[in-house]
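Colleague: Okay, here's the structure, questions in a sec.
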Amino acid sequence: RTSSGRDELLKHGWSCQGDSYSNIAVPRDPTLLLRVPEYEFGSVADENSLPMSFMAHDDPDFTAVLSAMHKMCNQVSLSDGRSELIRLKTVRPELFRSPSLCLKVWKMLDHYRFKLQVRRNISDLFSLVEFNTAELDAAA
């Protein structure tokens, strides 16, 4: 309704009709409204995904922990990831005492966006990890 708003719509190819109380905006060329611009798709992995070398490990359960964590950064698959982590902790509790896995988990927590409660739950799973200086130096 403001003149600056009308000016902005005009710049983008819209025509505005009306007064200061109501305004109608319609595209000058309606065929452009439904046109999908060309877009060149990149690879499946983008700058927000971790490299596959990060996920690679000899132990499939190790990779399963990281995959379950990855599910937990998505609201839709959050409960699946949580139940998978609980199942893995029940079946293989020694995984959750592994300093190398814990460091990868921290790297994942740093890289992806997780809700605060999810971060706390994941941190609680690794509360029994004990680090020594050699492991920390090797990770650096």
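In the structure tokens, the first chain shown is A, the next is B, and so on; residue numbers restart at 1 for each chain, and ligands run from 1 in the order shown.
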May I have all residues of region 8-132 of chain A that DSSP, computed from the backbone, assigns to alpha helix (DSSP H), given as a VMD selection string?

Modeller: chain A and resid 8 to 11 30 to 33 52 to 55 60 to 71 78 to 91 99 to 111 116 to 125

Colleague: Neighbours of region 67-82 of chain A within 10 Å (only C-alpha atoms; same-chain residues fewer than 3 positions away dropped), as a list in words?

Modeller: Ser49, Met55, Asp61, Phe62, Thr63, Ala64, Leu85, Ile86, Arg87, Leu88, Val105, Met108, Leu109, Tyr112, Arg113, Phe114, Lys115, Val118, Arg119, Asn121 and Ile122 of chain A

Colleague: Take the residues that were just selected and, keeping C-alpha atoms, output them as a PDB file, in the first residue's frame.

Modeller:
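The resulting part.pdb:
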```
ATOM      1  CA  SER A  49      26.872 -32.135   4.438  1.00  0.00           C
ATOM      2  CA  MET A  55      31.083 -41.325   8.140  1.00  0.00           C
ATOM      3  CA  ASP A  61      27.554 -49.832  14.418  1.00  0.00           C
ATOM      4  CA  PHE A  62      29.918 -46.858  14.604  1.00  0.00           C
ATOM      5  CA  THR A  63      28.479 -45.602  11.322  1.00  0.00           C
ATOM      6  CA  ALA A  64      24.961 -46.420  12.537  1.00  0.00           C
ATOM      7  CA  LEU A  85      20.548 -44.484  19.436  1.00  0.00           C
ATOM      8  CA  ILE A  86      18.813 -45.983  22.475  1.00  0.00           C
ATOM      9  CA  ARG A  87      18.762 -49.393  20.787  1.00  0.00           C
ATOM     10  CA  LEU A  88      22.458 -49.129  19.911  1.00  0.00           C
ATOM     11  CA  VAL A 105      29.921 -36.913  17.529  1.00  0.00           C
ATOM     12  CA  MET A 108      28.825 -33.534  14.030  1.00  0.00           C
ATOM     13  CA  LEU A 109      27.224 -31.455  16.797  1.00  0.00           C
ATOM     14  CA  TYR A 112      24.820 -29.579  12.073  1.00  0.00           C
ATOM     15  CA  ARG A 113      21.979 -27.745  13.795  1.00  0.00           C
ATOM     16  CA  PHE A 114      20.409 -29.649  16.646  1.00  0.00           C
ATOM     17  CA  LYS A 115      17.820 -28.472  19.135  1.00  0.00           C
ATOM     18  CA  VAL A 118      18.647 -33.118  21.407  1.00  0.00           C
ATOM     19  CA  ARG A 119      22.209 -31.882  22.076  1.00  0.00           C
ATOM     20  CA  ASN A 121      20.393 -36.129  25.051  1.00  0.00           C
ATOM     21  CA  ILE A 122      23.325 -36.915  22.770  1.00  0.00           C
TER      22      ILE A 122
END
```

Colleague: So, with only C-alpha atoms as the atoms that count, which of A:Leu33, A:Leu9, A:Val129, A:Val65 lies closest to Glu84 (chain A)?

Modeller: A:Val65

Colleague: Please provide the set of residues having any atom within 12 Å of His12 (chain A), restricted to only C-alpha atoms, with same-chain residues fewer than 6 positions apart removed, written as a list of chain:residue names.

Modeller: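 Surrounding residues, per the criterion: A:Gly5, A:Arg6, A:Ala25, A:Val26, A:Pro27, A:Arg28, A:Asp29, A:Leu32, A:Leu33.
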
Colleague: Please identify which residues in chain A DSSP calls strand (DSSP E) from the backbone, and express them as a list in words.

Modeller: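 Taking chain A and keeping strand (DSSP E) gives Trp14, Ser15, Cys16, Gln17, Gly18, Asn23, Ile24, Ala25, Val26 and Pro27 of chain A.
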
Colleague: Dump C-alpha atoms for the selected residues as a compact mmCIF listing (two decimals), in the first residue's frame?

Modeller:
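And here's out_28.txt as it stands now:
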```
# COMPACT_ATOMS: atom_id res chain seq x y z
CA TRP A 14 4.11 -6.12 -11.33
CA SER A 15 1.43 -3.52 -12.04
CA CYS A 16 -0.30 -1.89 -9.05
CA GLN A 17 -3.77 -0.35 -9.05
CA GLY A 18 -5.62 1.13 -6.11
CA ASN A 23 -4.20 -2.07 -3.63
CA ILE A 24 -4.23 -4.83 -6.22
CA ALA A 25 -1.01 -6.07 -7.78
CA VAL A 26 -1.02 -8.17 -10.94
CA PRO A 27 1.91 -9.34 -13.06
```

Colleague: With only C-alpha atoms as the basis for distance, which of A:Glu8, A:Glu130, A:Glu38, A:Asp124 is at the shortest distance from Ser100 (chain A)?

Modeller: A:Glu130
